[in-house]
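**Student:** Next comes the structure file my_file_26.cif, holding mmCIF, C-alpha atoms.
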```
data_input
loop_
_atom_site.label_atom_id
_atom_site.label_comp_id
_atom_site.auth_asym_id
_atom_site.auth_seq_id
_atom_site.Cartn_x
_atom_site.Cartn_y
_atom_site.Cartn_z
CA MET A 1 0.00 0.00 0.00
CA ARG A 2 1.32 3.43 -0.92
CA THR A 3 1.71 6.04 1.82
CA ALA A 4 0.99 9.64 0.83
CA ASN A 5 1.61 12.59 3.08
CA THR A 6 0.36 16.04 2.24
CA ARG A 7 1.67 19.09 4.08
CA ILE A 8 0.93 22.69 3.23
CA TRP A 9 2.16 25.76 5.09
CA ALA A 10 1.38 29.38 4.38
CA ILE A 11 2.01 32.72 6.02
CA GLY A 12 0.55 36.16 5.41
CA ALA A 13 2.23 39.25 6.79
CA ILE A 14 2.40 42.97 6.27
CA GLY A 15 5.35 44.98 7.49
CA PHE A 16 4.67 48.54 8.47
CA ILE A 17 6.95 51.38 7.50
CA GLY A 18 7.31 54.86 8.85
CA GLY A 19 6.92 56.20 12.35
CA THR A 20 3.39 55.00 12.99
CA VAL A 21 2.89 53.72 16.53
CA PHE A 22 0.56 50.79 17.03
CA GLY A 23 -1.31 49.60 20.10
CA ALA A 24 -0.80 46.71 22.45
CA ASP A 25 0.17 43.19 21.34
CA ALA A 26 -2.06 40.10 21.03
CA ALA A 27 -1.26 36.58 19.79
CA THR A 28 -3.11 33.24 19.62
CA THR A 29 -2.70 29.73 18.21
CA ALA A 30 -5.04 26.73 17.91
CA GLY A 31 -4.54 23.27 16.50
CA VAL A 32 -5.92 19.75 16.33
CA THR A 33 -3.84 16.64 15.60
CA GLY A 34 -5.08 13.08 15.08
CA ARG A 35 -8.58 11.79 14.65
CA GLY A 36 -11.52 10.86 16.81
CA ARG A 37 -10.90 10.08 20.47
CA ASP A 38 -7.15 9.75 19.85
CA ALA A 39 -6.78 13.40 18.82
CA THR A 40 -5.09 16.24 20.67
CA ALA A 41 -6.42 19.82 20.77
CA VAL A 42 -4.23 22.72 21.95
CA ALA A 43 -4.67 26.51 22.11
CA THR A 44 -2.51 29.41 23.35
CA ALA A 45 -3.25 33.10 23.91
CA ASN A 46 -1.31 36.08 25.27
CA TYR A 47 -1.44 39.87 25.28
CA THR A 48 0.50 42.89 26.46
CA GLY A 49 -0.89 46.34 27.18
CA GLU A 50 -2.39 48.41 29.94
CA ALA A 51 -5.63 46.43 29.80
CA GLY A 52 -6.84 43.27 28.12
CA PHE A 53 -7.35 39.54 28.56
CA ALA A 54 -6.33 36.17 27.14
CA ARG A 55 -8.41 32.98 27.26
CA THR A 56 -8.01 29.44 25.94
CA ASN A 57 -10.30 26.45 25.81
CA SER A 58 -9.64 22.99 24.38
CA ARG A 59 -11.23 19.57 24.58
CA SER A 60 -10.76 16.15 23.07
CA GLY A 61 -13.35 13.46 22.52
CA GLU A 62 -15.92 12.75 19.83
CA VAL A 63 -15.46 16.35 18.68
CA ASN A 64 -11.99 17.84 19.19
CA GLN A 65 -11.72 21.59 19.43
CA ALA A 66 -9.35 24.33 20.56
CA ARG A 67 -9.97 28.06 20.89
CA GLY A 68 -7.81 31.03 21.86
CA ILE A 69 -8.67 34.73 22.17
CA ALA A 70 -6.46 37.65 23.20
CA VAL A 71 -7.21 41.37 23.44
CA GLY A 72 -4.71 44.05 24.41
CA PHE A 73 -5.31 47.78 24.78
CA ASP A 74 -3.19 50.81 25.65
CA GLU A 75 -2.95 54.51 24.78
CA ASN A 76 -1.59 53.64 21.32
CA GLY A 77 -4.44 51.38 20.19
CA LEU A 78 -6.20 48.01 20.29
CA ALA A 79 -4.99 44.54 19.26
CA LEU A 80 -7.27 41.47 18.90
CA SER A 81 -6.36 37.89 17.93
CA LEU A 82 -8.75 34.90 17.60
CA SER A 83 -7.84 31.29 16.70
CA ASN A 84 -10.14 28.23 16.46
CA ALA A 85 -9.62 24.60 15.41
CA VAL A 86 -12.08 21.68 15.26
CA GLU A 87 -11.93 18.04 14.08
CA HIS A 88 -14.88 15.68 13.67
CA ARG A 89 -15.59 12.66 11.46
CA GLY A 90 -12.90 13.00 8.85
CA LEU A 91 -12.77 16.79 8.62
CA ALA A 92 -10.46 19.21 10.44
CA VAL A 93 -10.78 22.99 10.07
CA ALA A 94 -8.88 25.85 11.74
CA SER A 95 -9.26 29.62 11.36
CA ASN A 96 -7.50 32.72 12.66
CA PHE A 97 -8.31 36.45 12.61
CA ASN A 98 -6.17 39.38 13.82
CA ILE A 99 -6.88 43.09 13.85
CA ASN A 100 -4.91 46.09 15.06
CA ILE A 101 -6.37 49.60 15.30
CA ASP A 102 -3.88 52.31 16.14
CA ARG A 103 -4.60 55.67 17.72
CA ASP A 104 -4.49 57.40 14.32
CA GLY A 105 -7.26 55.17 12.97
CA ASP A 106 -5.07 52.94 10.78
CA VAL A 107 -6.39 49.37 10.67
CA SER A 108 -4.36 46.24 9.91
CA THR A 109 -5.89 42.76 9.57
CA SER A 110 -4.75 39.23 8.82
CA SER A 111 -6.55 35.91 8.62
CA GLY A 112 -5.79 32.29 7.91
CA VAL A 113 -7.76 29.11 7.26
CA ALA A 114 -6.54 25.49 7.22
CA LEU A 115 -8.55 22.47 6.04
CA ALA A 116 -7.65 18.77 6.14
CA ARG A 117 -10.14 16.15 4.93
CA GLY A 118 -9.89 12.39 4.71
CA GLY A 119 -6.75 10.36 5.20
CA ARG A 120 -5.90 8.10 8.09
CA GLU A 121 -4.89 11.05 10.25
CA ARG A 122 -5.10 14.80 9.83
CA GLU A 123 -3.66 17.89 11.45
CA VAL A 124 -4.56 21.58 11.21
CA SER A 125 -3.17 24.56 13.06
CA VAL A 126 -3.39 28.32 12.80
CA GLY A 127 -1.86 31.23 14.63
CA GLY A 128 -1.55 34.95 14.47
CA ALA A 129 -0.13 38.04 16.09
CA THR A 130 -0.61 41.77 15.84
CA GLY A 131 0.37 44.82 17.78
CA HIS A 132 2.83 47.52 18.70
CA ASN A 133 5.41 48.19 15.96
CA GLN A 134 5.20 44.68 14.49
CA PRO A 135 3.70 43.25 11.33
CA VAL A 136 0.27 41.66 11.53
CA VAL A 137 0.82 37.94 10.83
CA SER A 138 -1.31 34.84 10.25
CA THR A 139 0.02 31.31 9.80
CA ALA A 140 -1.84 28.18 8.73
CA THR A 141 -0.76 24.54 8.34
CA ALA A 142 -2.67 21.46 7.21
CA ARG A 143 -1.51 17.87 6.87
CA THR A 144 -3.08 14.53 6.04
CA GLU A 145 -1.54 11.08 6.28
CA ARG A 146 -2.27 8.27 3.81
CA GLY A 147 -4.39 10.17 1.35
CA GLY A 148 -6.79 13.02 1.91
CA LEU A 149 -6.79 16.69 1.02
CA ALA A 150 -5.00 19.60 2.71
CA HIS A 151 -5.63 23.26 1.86
CA VAL A 152 -4.56 26.56 3.48
CA VAL A 153 -5.13 30.25 2.76
CA THR A 154 -3.72 33.33 4.51
CA ARG A 155 -4.28 37.01 3.90
CA ALA A 156 -3.04 40.31 5.35
CA GLU A 157 -4.19 43.87 4.65
CA GLN A 158 -3.54 47.39 5.83
CA HIS A 159 -5.98 50.28 5.65
CA ARG A 160 -4.69 53.78 6.30
CA ALA A 161 -6.99 56.33 7.90
CA ARG A 162 -8.01 59.07 5.51
CA PRO A 163 -6.51 62.44 6.27
CA GLU A 164 -8.91 65.25 6.94
CA ARG A 165 -9.81 67.20 3.85
CA VAL A 166 -9.30 70.89 4.15
CA ILE A 167 -11.30 73.01 1.76
CA VAL A 168 -10.15 76.56 1.24
CA ARG A 169 -12.48 78.95 -0.58
CA ARG A 170 -11.41 82.35 -1.61
CA MET A 171 -13.98 85.06 -1.50
CA ARG A 172 -13.87 87.50 -4.36
CA GLY A 173 -14.46 91.11 -3.60
CA ARG A 174 -17.76 92.70 -4.59
#
```
Written as structure tokens, how would this file's structure read?
**Tutor:**
Amino acid sequence: MRTANTRIWAIGAIGFIGGTVFGADAATTAGVTGRGRDATAVATANYTGEAGFARTNSRSGEVNQARGIAVGFDENGLALSLSNAVEHRGLAVASNFNINIDRDGDVSTSSGVALARGGREREVSVGGATGHNQPVVSTATARTERGGLAHVVTRAEQHRARPERVIVRRMRGR
């Protein structure tokens, strides 16, 4: 019997240039490895900033799932990172979303999705980070063993705040 392994890895990132200051940091990961009751589900979450929180939740069993959320906030802005992974009956899916909003109104986002279907075993994991003077990053990995399908997608974007428009009208003399 022929053994086929499929592994795909992708990363999306945007580096920021200039003197723009971003808010607090937030990072999460989530992943599921294996299948059925023999699977492992793991999540991580952390943040830095004056205020915020980080939470994780994972469980293994008939349905295997992992979830991480982190939010950080300070005078320079807000950072949010979410990661989720789930495996059930031959399908494993993981997703990640990150957003950073700085004090000037600039918004940076990244996201990633990993899918593994079929095969004897499957693994998916995602992660992401965003925050103060760092690029916004999403990673995604998917793997199947002995057949199956693995697919990943990542994306990162930056949206600059629009500067105020100043309209100057000259009055002509009468």
**Student:** Would you please work out which residue, of A:His151, A:Arg143, A:Arg67, A:Arg162, is nearest to Gly105 of chain A when using all atoms listed in the file?
**Tutor:** A:Arg162
**Student:** Could you check which of A:Thr48, A:Thr33, A:Glu121, A:Ser111 is closest to Asn96 of chain A, using all atoms listed in the file?
**Tutor:**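 Of all the options, A:Ser111 lies closest to Asn96 of chain A.
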**Student:** For Gly119 of chain A, please output as a VMD selection string all residues within 6 Å (counting all atoms listed in the file; exclusion window: fewer than 6 positions along the same chain).
**Tutor:** chain A and resid 144 to 148
**Student:** Would you mind exporting the chosen residues as a PDB file, in the frame of the given file, restricted to C-alpha atoms?
**Tutor:**
```pdb
ATOM      1  CA  THR A 144      -3.080  14.530   6.040  1.00  0.00           C
ATOM      2  CA  GLU A 145      -1.540  11.080   6.280  1.00  0.00           C
ATOM      3  CA  ARG A 146      -2.270   8.270   3.810  1.00  0.00           C
ATOM      4  CA  GLY A 147      -4.390  10.170   1.350  1.00  0.00           C
ATOM      5  CA  GLY A 148      -6.790  13.020   1.910  1.00  0.00           C
TER       6      GLY A 148
END
```
**Student:** Which is closest to Gly127 of chain A among A:Ala24, A:Asn46, A:Arg169, A:His88, if we use all atoms listed in the file?
**Tutor:**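 Smallest separation from Gly127 of chain A among the options: A:Asn46.
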**Student:** I'd like a table as a tab-separated table: residues in segment 63-127 of chain A with an atom no more than 6 Å from segment 156-159 of chain A, each row giving the shortest atom pair and its distance in Å to one decimal, only C-alpha atoms counted, sorted by chain and rising residue number.
**Tutor:**
```
residue	atom	partner	partner_atom	distance
A:Asp106	CA	A:His159	CA	5.8
A:Val107	CA	A:His159	CA	5.1
A:Ser108	CA	A:Gln158	CA	4.3
A:Thr109	CA	A:Glu157	CA	5.3
A:Ser110	CA	A:Ala156	CA	4.0
```
**Student:** Evaluate the PyMOL selection byres ((chain A and resi 99) around 9) and record the selected residues as number ranges by chain, following the chain and residue labels used in the document.
**Tutor:** A: 78-81, 97-98, 100-101, 107-111, 129-131, 136
**Student:** Figure out the distance between atom CA of Gly31 of chain A and atom CA of Leu91 of chain A, please, to one decimal in Å.
**Tutor:** 13.1 Å
**Student:** So how far away is atom CA of Glu123 of chain A from atom CA of Ala70 of chain A, in Å?
**Tutor:**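 One can read the atom CA of Ala70 of chain A to atom CA of Glu123 of chain A distance as 23.2 Å.
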**Student:** Kindly give the distance, in Å, that separates atom CA of Ala94 of chain A and atom CA of Gly36 of chain A, rounded to a single decimal.
**Tutor:**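 These atoms are spaced 16.0 Å apart.
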**Student:** Pick the closest to Ala140 of chain A from A:Ala27, A:Val113, A:Gly49, A:Gly118: which is it, counting all atoms listed in the file?
**Tutor:**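 Counting all atoms listed in the file, the residue closest to Ala140 of chain A is A:Val113.
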**Student:** Check what the PyMOL selection byres ((chain A and resi 63) around 9) selects in the file above and give those residues as a list in words.
**Tutor:**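 Expected selection for the PyMOL selection byres ((chain A and resi 63) around 9) here is Gly36, Arg37, Arg59, Ser60, Gly61, Glu62, Asn64, Gln65, Val86, Glu87, His88 and Arg89 of chain A.
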**Student:** For this file, the PyMOL selection byres ((chain A and resi 103) around 6) selects which residues, as a PDB file with C-alpha atoms, keeping the file's coordinate frame?
**Tutor:**
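Saved result, out-v9.pdb, follows:
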```pdb
ATOM      1  CA  ASN A  76      -1.590  53.640  21.320  1.00  0.00           C
ATOM      2  CA  GLY A  77      -4.440  51.380  20.190  1.00  0.00           C
ATOM      3  CA  ASP A 102      -3.880  52.310  16.140  1.00  0.00           C
ATOM      4  CA  ASP A 104      -4.490  57.400  14.320  1.00  0.00           C
ATOM      5  CA  GLY A 105      -7.260  55.170  12.970  1.00  0.00           C
TER       6      GLY A 105
END
```
**Student:** Within 6 Å of Ala150 of chain A, counting all atoms listed in the file, which residues show up once you throw out same-chain ones fewer than 2 positions away? Write them as a ChimeraX atom specification, please.
**Tutor:** /A:115-116,142-143
**Student:** Of the candidates A:Ala54, A:Ser125, A:Arg160, A:Ala41, which one gets nearest to Asp25 of chain A if we count only C-alpha atoms?
**Tutor:**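 Closest candidate: A:Ala54.
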**Student:** For His132 of chain A, which residue among A:Glu75, A:Val153, A:Gly34, A:Val93 is the nearest when counting all atoms listed in the file?
**Tutor:** A:Glu75
